[in-house]
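A.B. asks: Just dropping this structure here.
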Amino acid sequence: MNLPANRLVVVGTGVAGLVTALSAAPRPVLLVGGSPPGSGGCTALAQGGIAAAMAFDDSAADHARDTLAAGAHHNDHDAVHYLVGDAGRAVRWLQAQGVVFDRDGDGLQLGREGGHGCSRIVHAGGDASGQALLQALADAARRAPHITWRAPAWLDAIRLCDGRVSGVALIEARTPPQELECAELVLATGGCGALFAATTNPASADGNGLALALACGARLRDAEFVQFHPTAMDVEQEGALPLITEALRGAGARLVDDQGRAVMDGHHAMGDLAPRDHVARRVWECQQTGTRVWLDATPLKGDWAQRFPTVLALCGRHGIDPRHQRIPVTPAAHFHMGGIAVGLDGSSDVPGLYAVGEVACNGVHGANRLASNSLLEGVVFGRRLGRRLADIRLHAPVHGHPRWVDRGQAADMPALRELRRLAGSALGPVRQRARMRDALDHLAVHPGLGHTWQGKLVVRFLQAALQRRKSLGAHFCVDDAG
Ligand code: SIN
């Protein structure tokens with residue numbers, strides 16, 4: 001029997017959290033999520049699919065080569081080889097969980113995205129891959145007898161005993177925080193795009209798991225590498241901007257200026273399908289000269305409703321028919337390559353604290369993630385972590401003085417808006433040292449910003465970016481180019 005002191009808690013019900021919880025069977029898991037099962041978070045919004053070398057003329061070695069090139073060779077090689085080597089198994093495991101991938105004749109349909117040398121992305125429901133995965137995994141988790149859900153519920157604090165995780169405090173709507181014993185805690189809380197003015201991430205992706213882990217003494221790795229997706233829809237709205245999937249460019253859509261001239265021509269050998277950091281910078285540069293950039297998907301043939309239902313619906317909400325009209329686009333914070341420093345098995349420097357998915361950094365993405373490697377990361381490393389946690393049967397009794405750790409003061413809405421503006425302008429696709437220093441100074445003299453947990457995260461990102469003396473991948477600083 002799993003005594004409460006041996007409890008395993010997984011926080012986060014996106015792909016990484018669900019896969020970890022499922023893979024920890026038969027060990028009982030308490031799965032905590034901020035939104036009802038099968039909804040919310042970044043996974044639900046993911047349009048790209050899962051990269052896996054499944055074509056007869058493709059190989060894990062080629063997938064690794066593209067992952068390393070996109071990551072500016074800053075990647076952890078062991079992590080990359082494990083990721084690409086397990087990708088095919090991950091796809092088959094997902095199928096066994098009930099995910100139905102799109103097919104083309106006898107095999108899986110393979111799409112192409114930026115940075116990939118060939119077509120190797122599997123999708124489910126066209127560009128609704130994230131939602132399809134989430135639904136199937138949430139259904140599997142609901143059926144799994146070893147998983148108990150707590151949703152909506154949020155992690156408020158972590159109890160450490162002699163530096164080891166020994167408990168969590170959870171908040172559920174309209175009830176006081178509840179304290180629970182636990183032996184292992186997995187953070188699968190996603191990224192931090194919501195700390196930036198323009199983002200594709202939902203408000204819940206605000207770095208809350210990262211902030212709590214850092215408060216516990218976990219190490220932060222590669223914080224300066226924030227990926228900007230080059231084609232968020234350029235519309236006025238607060239909160240997440242609609243994502244316009246890169247798969248459209250894989251199918252032949254082009255980035256053009258007001259005159260219809262291709263903006264990537266002459267800027268990268270892979271043109272519109274260059275790795276994301278290059279394309280985002282180019283779009284940003286055009287914008288600085290007053291040029292609006294558009295995605296022209298009008299030449300695309302085929303069944304939009306079947307391949308790109310999400311983009312069709314998102315555009316429709318803004319009065320755009322992408323089959324006949326160009327889509328205005330802008331770079332937006334999309335993915336954090338950095339995070340809680342972990343090993344390949346998800347363990348952090350704090351005993352008993354694990355992290356997986358976007359909140360974690362095992363170095364697999366290097367300085368810039370390759371398209372459609374993030375859902376893959378959640379599945380591959382979630383499976384690995386879950387299996388490892390399932391094998392931990394004996395827990396030594398924990399002695400010593402318990403200490404509760406929380407995030408500290410939270411920013412109110414006006415402060416959050418100001419922080420997002422600051423992070424967006426100082427830590428965007430093209431950075432300047434003076435602007436980053438000004439942002440740090442501003443946070444230092446405005447405690448209502450800098451002393452909040454969100455402000456402290458932005459400070460850590462700025463410090464990391466200032467410490468890097470050469471541009472690399474998604475960290476591009478005009479003062480230290482190349
Ligand atoms: C996209 O569909 O363009 C995003 C996929 C990803 O983030 O890898």
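Letters A, B, ... go to the chains of the structure tokens in the order shown; residues in each chain start at 1; ligands are counted from 1 in the same order.
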Name the residues of stretch 222-413 of chain A that fall into alpha helix (DSSP H) according to DSSP on the backbone, using the chain letters and numbers of this document, as a PDB file with N, CA and C atoms, in the first residue's frame.
C.D. replies:
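Result went into result-v3.pdb, see below:
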```pdb
ATOM      1  N   ALA A 247       3.143  24.582 -39.941  1.00  0.00           N
ATOM      2  CA  ALA A 247       2.820  23.531 -40.921  1.00  0.00           C
ATOM      3  C   ALA A 247       2.272  24.159 -42.199  1.00  0.00           C
ATOM      4  N   LEU A 248       1.712  25.364 -42.100  1.00  0.00           N
ATOM      5  CA  LEU A 248       1.224  26.037 -43.318  1.00  0.00           C
ATOM      6  C   LEU A 248       2.393  26.364 -44.239  1.00  0.00           C
ATOM      7  N   ARG A 249       3.499  26.833 -43.616  1.00  0.00           N
ATOM      8  CA  ARG A 249       4.687  27.092 -44.455  1.00  0.00           C
ATOM      9  C   ARG A 249       5.246  25.781 -44.982  1.00  0.00           C
ATOM     10  N   GLY A 250       5.136  24.723 -44.173  1.00  0.00           N
ATOM     11  CA  GLY A 250       5.573  23.403 -44.636  1.00  0.00           C
ATOM     12  C   GLY A 250       4.778  22.951 -45.851  1.00  0.00           C
ATOM     13  N   ARG A 276      13.111  28.587 -36.357  1.00  0.00           N
ATOM     14  CA  ARG A 276      12.212  29.637 -35.892  1.00  0.00           C
ATOM     15  C   ARG A 276      12.907  30.924 -35.457  1.00  0.00           C
ATOM     16  N   ASP A 277      14.082  30.819 -34.837  1.00  0.00           N
ATOM     17  CA  ASP A 277      14.748  32.032 -34.360  1.00  0.00           C
ATOM     18  C   ASP A 277      15.090  32.947 -35.536  1.00  0.00           C
ATOM     19  N   HIS A 278      15.532  32.357 -36.643  1.00  0.00           N
ATOM     20  CA  HIS A 278      15.890  33.166 -37.821  1.00  0.00           C
ATOM     21  C   HIS A 278      14.650  33.851 -38.390  1.00  0.00           C
ATOM     22  N   VAL A 279      13.568  33.096 -38.508  1.00  0.00           N
ATOM     23  CA  VAL A 279      12.362  33.650 -39.134  1.00  0.00           C
ATOM     24  C   VAL A 279      11.765  34.735 -38.226  1.00  0.00           C
ATOM     25  N   ALA A 280      11.745  34.470 -36.923  1.00  0.00           N
ATOM     26  CA  ALA A 280      11.175  35.463 -35.993  1.00  0.00           C
ATOM     27  C   ALA A 280      11.967  36.773 -36.060  1.00  0.00           C
ATOM     28  N   ARG A 281      13.289  36.657 -36.139  1.00  0.00           N
ATOM     29  CA  ARG A 281      14.117  37.879 -36.210  1.00  0.00           C
ATOM     30  C   ARG A 281      13.845  38.649 -37.493  1.00  0.00           C
ATOM     31  N   ARG A 282      13.695  37.920 -38.581  1.00  0.00           N
ATOM     32  CA  ARG A 282      13.456  38.581 -39.866  1.00  0.00           C
ATOM     33  C   ARG A 282      12.096  39.318 -39.842  1.00  0.00           C
ATOM     34  N   VAL A 283      11.092  38.680 -39.290  1.00  0.00           N
ATOM     35  CA  VAL A 283       9.772  39.330 -39.215  1.00  0.00           C
ATOM     36  C   VAL A 283       9.897  40.579 -38.330  1.00  0.00           C
ATOM     37  N   TRP A 284      10.596  40.437 -37.209  1.00  0.00           N
ATOM     38  CA  TRP A 284      10.792  41.557 -36.282  1.00  0.00           C
ATOM     39  C   TRP A 284      11.510  42.708 -36.999  1.00  0.00           C
ATOM     40  N   GLU A 285      12.577  42.382 -37.761  1.00  0.00           N
ATOM     41  CA  GLU A 285      13.334  43.430 -38.484  1.00  0.00           C
ATOM     42  C   GLU A 285      12.432  44.171 -39.471  1.00  0.00           C
ATOM     43  N   CYS A 286      11.608  43.423 -40.182  1.00  0.00           N
ATOM     44  CA  CYS A 286      10.682  44.075 -41.138  1.00  0.00           C
ATOM     45  C   CYS A 286       9.783  45.043 -40.384  1.00  0.00           C
ATOM     46  N   GLN A 287       9.292  44.593 -39.237  1.00  0.00           N
ATOM     47  CA  GLN A 287       8.374  45.447 -38.472  1.00  0.00           C
ATOM     48  C   GLN A 287       9.054  46.742 -38.021  1.00  0.00           C
ATOM     49  N   GLN A 288      10.353  46.641 -37.701  1.00  0.00           N
ATOM     50  CA  GLN A 288      11.071  47.844 -37.239  1.00  0.00           C
ATOM     51  C   GLN A 288      11.158  48.903 -38.331  1.00  0.00           C
ATOM     52  N   TRP A 304      -8.785  22.356 -46.454  1.00  0.00           N
ATOM     53  CA  TRP A 304      -8.459  23.171 -45.290  1.00  0.00           C
ATOM     54  C   TRP A 304      -9.175  22.663 -44.036  1.00  0.00           C
ATOM     55  N   ALA A 305     -10.424  22.321 -44.186  1.00  0.00           N
ATOM     56  CA  ALA A 305     -11.207  21.923 -43.007  1.00  0.00           C
ATOM     57  C   ALA A 305     -10.631  20.661 -42.366  1.00  0.00           C
ATOM     58  N   GLN A 306      -9.984  19.833 -43.172  1.00  0.00           N
ATOM     59  CA  GLN A 306      -9.431  18.608 -42.620  1.00  0.00           C
ATOM     60  C   GLN A 306      -7.998  18.839 -42.096  1.00  0.00           C
ATOM     61  N   ARG A 307      -7.215  19.647 -42.814  1.00  0.00           N
ATOM     62  CA  ARG A 307      -5.804  19.813 -42.423  1.00  0.00           C
ATOM     63  C   ARG A 307      -5.572  20.976 -41.465  1.00  0.00           C
ATOM     64  N   PRO A 309      -8.154  22.968 -39.559  1.00  0.00           N
ATOM     65  CA  PRO A 309      -9.426  23.460 -39.009  1.00  0.00           C
ATOM     66  C   PRO A 309      -9.232  24.547 -37.950  1.00  0.00           C
ATOM     67  N   THR A 310      -8.131  24.447 -37.165  1.00  0.00           N
ATOM     68  CA  THR A 310      -7.921  25.413 -36.076  1.00  0.00           C
ATOM     69  C   THR A 310      -7.604  26.784 -36.657  1.00  0.00           C
ATOM     70  N   VAL A 311      -6.691  26.823 -37.637  1.00  0.00           N
ATOM     71  CA  VAL A 311      -6.331  28.115 -38.247  1.00  0.00           C
ATOM     72  C   VAL A 311      -7.552  28.713 -38.945  1.00  0.00           C
ATOM     73  N   LEU A 312      -8.296  27.876 -39.618  1.00  0.00           N
ATOM     74  CA  LEU A 312      -9.497  28.364 -40.312  1.00  0.00           C
ATOM     75  C   LEU A 312     -10.446  29.029 -39.302  1.00  0.00           C
ATOM     76  N   ALA A 313     -10.649  28.359 -38.168  1.00  0.00           N
ATOM     77  CA  ALA A 313     -11.582  28.897 -37.157  1.00  0.00           C
ATOM     78  C   ALA A 313     -11.015  30.161 -36.512  1.00  0.00           C
ATOM     79  N   LEU A 314      -9.702  30.150 -36.177  1.00  0.00           N
ATOM     80  CA  LEU A 314      -9.106  31.331 -35.532  1.00  0.00           C
ATOM     81  C   LEU A 314      -9.174  32.534 -36.464  1.00  0.00           C
ATOM     82  N   CYS A 315      -8.842  32.311 -37.739  1.00  0.00           N
ATOM     83  CA  CYS A 315      -8.892  33.417 -38.706  1.00  0.00           C
ATOM     84  C   CYS A 315     -10.335  33.902 -38.856  1.00  0.00           C
ATOM     85  N   GLY A 316     -11.251  32.955 -38.921  1.00  0.00           N
ATOM     86  CA  GLY A 316     -12.670  33.304 -39.083  1.00  0.00           C
ATOM     87  C   GLY A 316     -13.130  34.239 -37.984  1.00  0.00           C
ATOM     88  N   ARG A 317     -12.639  34.000 -36.751  1.00  0.00           N
ATOM     89  CA  ARG A 317     -13.024  34.864 -35.619  1.00  0.00           C
ATOM     90  C   ARG A 317     -12.547  36.292 -35.811  1.00  0.00           C
ATOM     91  N   SER A 374       8.407  19.601 -28.968  1.00  0.00           N
ATOM     92  CA  SER A 374       8.019  19.831 -27.566  1.00  0.00           C
ATOM     93  C   SER A 374       6.989  18.825 -27.076  1.00  0.00           C
ATOM     94  N   LEU A 375       5.951  18.531 -27.881  1.00  0.00           N
ATOM     95  CA  LEU A 375       5.026  17.467 -27.448  1.00  0.00           C
ATOM     96  C   LEU A 375       5.818  16.168 -27.341  1.00  0.00           C
ATOM     97  N   LEU A 376       6.747  15.998 -28.291  1.00  0.00           N
ATOM     98  CA  LEU A 376       7.589  14.794 -28.267  1.00  0.00           C
ATOM     99  C   LEU A 376       8.381  14.708 -26.961  1.00  0.00           C
ATOM    100  N   GLU A 377       8.973  15.830 -26.565  1.00  0.00           N
ATOM    101  CA  GLU A 377       9.737  15.861 -25.310  1.00  0.00           C
ATOM    102  C   GLU A 377       8.849  15.442 -24.131  1.00  0.00           C
ATOM    103  N   GLY A 378       7.635  15.993 -24.091  1.00  0.00           N
ATOM    104  CA  GLY A 378       6.718  15.664 -22.987  1.00  0.00           C
ATOM    105  C   GLY A 378       6.436  14.175 -22.926  1.00  0.00           C
ATOM    106  N   VAL A 379       6.269  13.552 -24.087  1.00  0.00           N
ATOM    107  CA  VAL A 379       5.942  12.121 -24.114  1.00  0.00           C
ATOM    108  C   VAL A 379       7.186  11.285 -23.769  1.00  0.00           C
ATOM    109  N   VAL A 380       8.298  11.592 -24.427  1.00  0.00           N
ATOM    110  CA  VAL A 380       9.502  10.762 -24.245  1.00  0.00           C
ATOM    111  C   VAL A 380      10.031  10.854 -22.811  1.00  0.00           C
ATOM    112  N   PHE A 381      10.200  12.097 -22.320  1.00  0.00           N
ATOM    113  CA  PHE A 381      10.781  12.226 -20.985  1.00  0.00           C
ATOM    114  C   PHE A 381       9.744  12.007 -19.884  1.00  0.00           C
ATOM    115  N   GLY A 382       8.464  12.207 -20.208  1.00  0.00           N
ATOM    116  CA  GLY A 382       7.410  11.864 -19.243  1.00  0.00           C
ATOM    117  C   GLY A 382       7.365  10.359 -19.019  1.00  0.00           C
ATOM    118  N   ARG A 383       7.507   9.600 -20.103  1.00  0.00           N
ATOM    119  CA  ARG A 383       7.513   8.132 -19.961  1.00  0.00           C
ATOM    120  C   ARG A 383       8.712   7.678 -19.147  1.00  0.00           C
ATOM    121  N   ARG A 384       9.843   8.272 -19.438  1.00  0.00           N
ATOM    122  CA  ARG A 384      11.068   7.879 -18.722  1.00  0.00           C
ATOM    123  C   ARG A 384      10.945   8.197 -17.224  1.00  0.00           C
ATOM    124  N   LEU A 385      10.458   9.400 -16.922  1.00  0.00           N
ATOM    125  CA  LEU A 385      10.333   9.799 -15.522  1.00  0.00           C
ATOM    126  C   LEU A 385       9.284   8.947 -14.799  1.00  0.00           C
ATOM    127  N   GLY A 386       8.142   8.740 -15.460  1.00  0.00           N
ATOM    128  CA  GLY A 386       7.077   7.944 -14.825  1.00  0.00           C
ATOM    129  C   GLY A 386       7.580   6.553 -14.468  1.00  0.00           C
ATOM    130  N   ARG A 387       8.305   5.925 -15.401  1.00  0.00           N
ATOM    131  CA  ARG A 387       8.808   4.564 -15.142  1.00  0.00           C
ATOM    132  C   ARG A 387       9.790   4.569 -13.985  1.00  0.00           C
ATOM    133  N   ARG A 388      10.613   5.597 -13.915  1.00  0.00           N
ATOM    134  CA  ARG A 388      11.582   5.669 -12.829  1.00  0.00           C
ATOM    135  C   ARG A 388      10.866   5.810 -11.476  1.00  0.00           C
ATOM    136  N   LEU A 389       9.846   6.675 -11.454  1.00  0.00           N
ATOM    137  CA  LEU A 389       9.137   6.906 -10.189  1.00  0.00           C
ATOM    138  C   LEU A 389       8.356   5.660  -9.760  1.00  0.00           C
ATOM    139  N   ALA A 390       7.893   4.904 -10.751  1.00  0.00           N
ATOM    140  CA  ALA A 390       7.157   3.670 -10.430  1.00  0.00           C
ATOM    141  C   ALA A 390       8.055   2.693  -9.691  1.00  0.00           C
ATOM    142  N   MET A 413      -2.674  42.936 -11.371  1.00  0.00           N
ATOM    143  CA  MET A 413      -2.840  43.008 -12.832  1.00  0.00           C
ATOM    144  C   MET A 413      -2.090  44.188 -13.466  1.00  0.00           C
TER     145      MET A 413
END
```
A.B. asks: Would you name the residues within 8 Å of ligand 1, counting only C-alpha atoms and all ligand atoms, and put them as a ChimeraX atom specification?
C.D. replies: /A:46-49,113,127,229,231,243-247,334-335,369-375
A.B. asks: Give me a file of those residues, with N, CA, C and O atoms, as a tab-separated table (two decimals), in the first residue's frame.
C.D. replies:
```tsv
chain	number	residue	atom	x	y	z
A	46	ALA	N	-1.62	23.56	-28.83
A	46	ALA	CA	-0.56	23.14	-29.75
A	46	ALA	C	-1.15	22.70	-31.09
A	46	ALA	O	-2.05	21.86	-31.14
A	47	GLN	N	-0.64	23.29	-32.16
A	47	GLN	CA	-1.13	22.93	-33.49
A	47	GLN	C	-0.16	21.98	-34.19
A	47	GLN	O	-0.55	21.09	-34.91
A	48	GLY	N	1.13	22.25	-33.97
A	48	GLY	CA	2.14	21.36	-34.55
A	48	GLY	C	1.97	19.99	-33.93
A	48	GLY	O	1.32	19.83	-32.89
A	49	GLY	N	2.58	19.00	-34.51
A	49	GLY	CA	2.38	17.64	-34.03
A	49	GLY	C	3.60	17.11	-33.31
A	49	GLY	O	4.18	17.78	-32.45
A	113	GLU	N	7.89	21.14	-41.09
A	113	GLU	CA	7.93	22.43	-40.40
A	113	GLU	C	9.35	22.96	-40.42
A	113	GLU	O	10.28	22.27	-40.87
A	127	ASP	N	-4.43	20.41	-37.68
A	127	ASP	CA	-3.67	21.30	-36.79
A	127	ASP	C	-4.24	21.35	-35.37
A	127	ASP	O	-3.96	22.28	-34.62
A	229	HIS	N	7.69	32.56	-31.63
A	229	HIS	CA	7.10	31.96	-32.83
A	229	HIS	C	6.90	33.09	-33.84
A	229	HIS	O	6.36	34.14	-33.50
A	231	THR	N	4.96	33.39	-36.39
A	231	THR	CA	3.64	33.67	-36.97
A	231	THR	C	2.50	33.50	-35.98
A	231	THR	O	1.67	32.59	-36.10
A	243	LEU	N	-2.22	31.37	-32.63
A	243	LEU	CA	-1.06	30.78	-33.31
A	243	LEU	C	-1.45	30.40	-34.74
A	243	LEU	O	-2.53	29.86	-34.96
A	244	ILE	N	-0.55	30.70	-35.66
A	244	ILE	CA	-0.77	30.28	-37.05
A	244	ILE	C	0.34	29.26	-37.35
A	244	ILE	O	1.50	29.62	-37.52
A	245	THR	N	-0.04	28.03	-37.42
A	245	THR	CA	0.96	26.95	-37.43
A	245	THR	C	1.97	27.04	-38.58
A	245	THR	O	1.64	27.38	-39.71
A	246	GLU	N	3.19	26.63	-38.22
A	246	GLU	CA	4.29	26.57	-39.16
A	246	GLU	C	4.04	25.51	-40.24
A	246	GLU	O	4.66	25.54	-41.31
A	247	ALA	N	3.14	24.58	-39.94
A	247	ALA	CA	2.82	23.53	-40.92
A	247	ALA	C	2.27	24.16	-42.20
A	247	ALA	O	2.38	23.56	-43.28
A	334	HIS	N	6.82	31.99	-27.28
A	334	HIS	CA	6.13	30.73	-27.56
A	334	HIS	C	6.62	29.59	-26.66
A	334	HIS	O	5.83	28.78	-26.21
A	335	PHE	N	7.94	29.56	-26.41
A	335	PHE	CA	8.48	28.38	-25.71
A	335	PHE	C	9.76	28.78	-24.98
A	335	PHE	O	10.59	29.51	-25.52
A	369	ARG	N	14.45	25.61	-29.83
A	369	ARG	CA	13.81	24.30	-30.06
A	369	ARG	C	13.42	24.09	-31.52
A	369	ARG	O	12.90	25.00	-32.17
A	370	LEU	N	13.65	22.88	-32.00
A	370	LEU	CA	13.18	22.50	-33.33
A	370	LEU	C	11.67	22.29	-33.27
A	370	LEU	O	11.13	21.74	-32.30
A	371	ALA	N	10.98	22.71	-34.35
A	371	ALA	CA	9.51	22.59	-34.41
A	371	ALA	C	9.05	21.17	-34.11
A	371	ALA	O	9.67	20.20	-34.53
A	372	SER	N	7.96	21.09	-33.36
A	372	SER	CA	7.29	19.81	-33.04
A	372	SER	C	8.16	18.84	-32.24
A	372	SER	O	7.90	17.64	-32.21
A	373	ASN	N	9.17	19.37	-31.57
A	373	ASN	CA	9.94	18.56	-30.61
A	373	ASN	C	9.42	18.74	-29.19
A	373	ASN	O	9.96	18.12	-28.27
A	374	SER	N	8.41	19.60	-28.97
A	374	SER	CA	8.02	19.83	-27.57
A	374	SER	C	6.99	18.82	-27.08
A	374	SER	O	7.11	18.30	-25.97
A	375	LEU	N	5.95	18.53	-27.88
A	375	LEU	CA	5.03	17.47	-27.45
A	375	LEU	C	5.82	16.17	-27.34
A	375	LEU	O	5.62	15.36	-26.43
```
A.B. asks: List as CSV every residue of stretch 337-408 of chain A that is in contact with stretch 151-157 of chain A, defined as an atom at most 8 Å from one of its atoms (using only C-alpha atoms), together with the nearest atom pair and the distance in Å rounded to one decimal, sorted by chain and then rising number.
C.D. replies:
```
residue,atom,partner,partner_atom,distance
A:Trp404,CA,A:Ala157,CA,6.5
A:Val405,CA,A:Ala157,CA,5.5
A:Asp406,CA,A:Ala157,CA,4.5
A:Arg407,CA,A:Ala157,CA,7.3
```
A.B. asks: Could you pull out all residues of stretch 239-482 of chain A with a DSSP call of strand (DSSP E or B) and give them as a PyMOL selection string?
C.D. replies: chain A and resi 243+254-256+262+293-296+327-336+339-341+347+353-355+360-361+402-406+431+472+475+477
A.B. asks: What gap, in Å, lies between atom CA of A:Pro397 and atom CA of A:Cys161?
C.D. replies: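 Separation between atom CA of A:Pro397 and atom CA of A:Cys161: 10.6 Å.
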A.B. asks: A:Val186: which residues within 7 Å, counting only C-alpha atoms, same-chain residues fewer than 4 positions away excluded, as a list in words?
C.D. replies: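 Listing them by chain and then by number gives Val9, Val10, Val11, Leu353, Tyr354 and Ala355 of chain A.
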A.B. asks: Restricting the calculation to only C-alpha atoms, which member of A:Asp265, A:Asp349, A:Asp303, A:Glu172 is positioned closest to A:Ser35?
C.D. replies: A:Glu172
A.B. asks: Considering only C-alpha atoms, can you say which of A:Arg164, A:His446, A:Arg143, A:His116 comes closest to A:Asp272?
C.D. replies: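 When distances to A:Asp272 are compared using only C-alpha atoms, the smallest one comes from A:His116.
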A.B. asks: At a cut-off of 8 Å, using only C-alpha atoms, what residues contact stretch 409-412 of chain A? Leave out same-chain residues fewer than 4 positions from it and give the result as a ChimeraX atom specification.
C.D. replies: /A:416,448-449,451-455
A.B. asks: Please compute the atom CA of A:Ala72-atom CA of A:Gly473 distance, one decimal, in Å.
C.D. replies: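 Separation between atom CA of A:Ala72 and atom CA of A:Gly473: 5.4 Å.
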A.B. asks: Report, in Å to a single decimal, how far apart atom CA of A:Gly260 and atom CA of A:Asn368 are.
C.D. replies: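 Computing it gives 28.6 Å between the two atoms.
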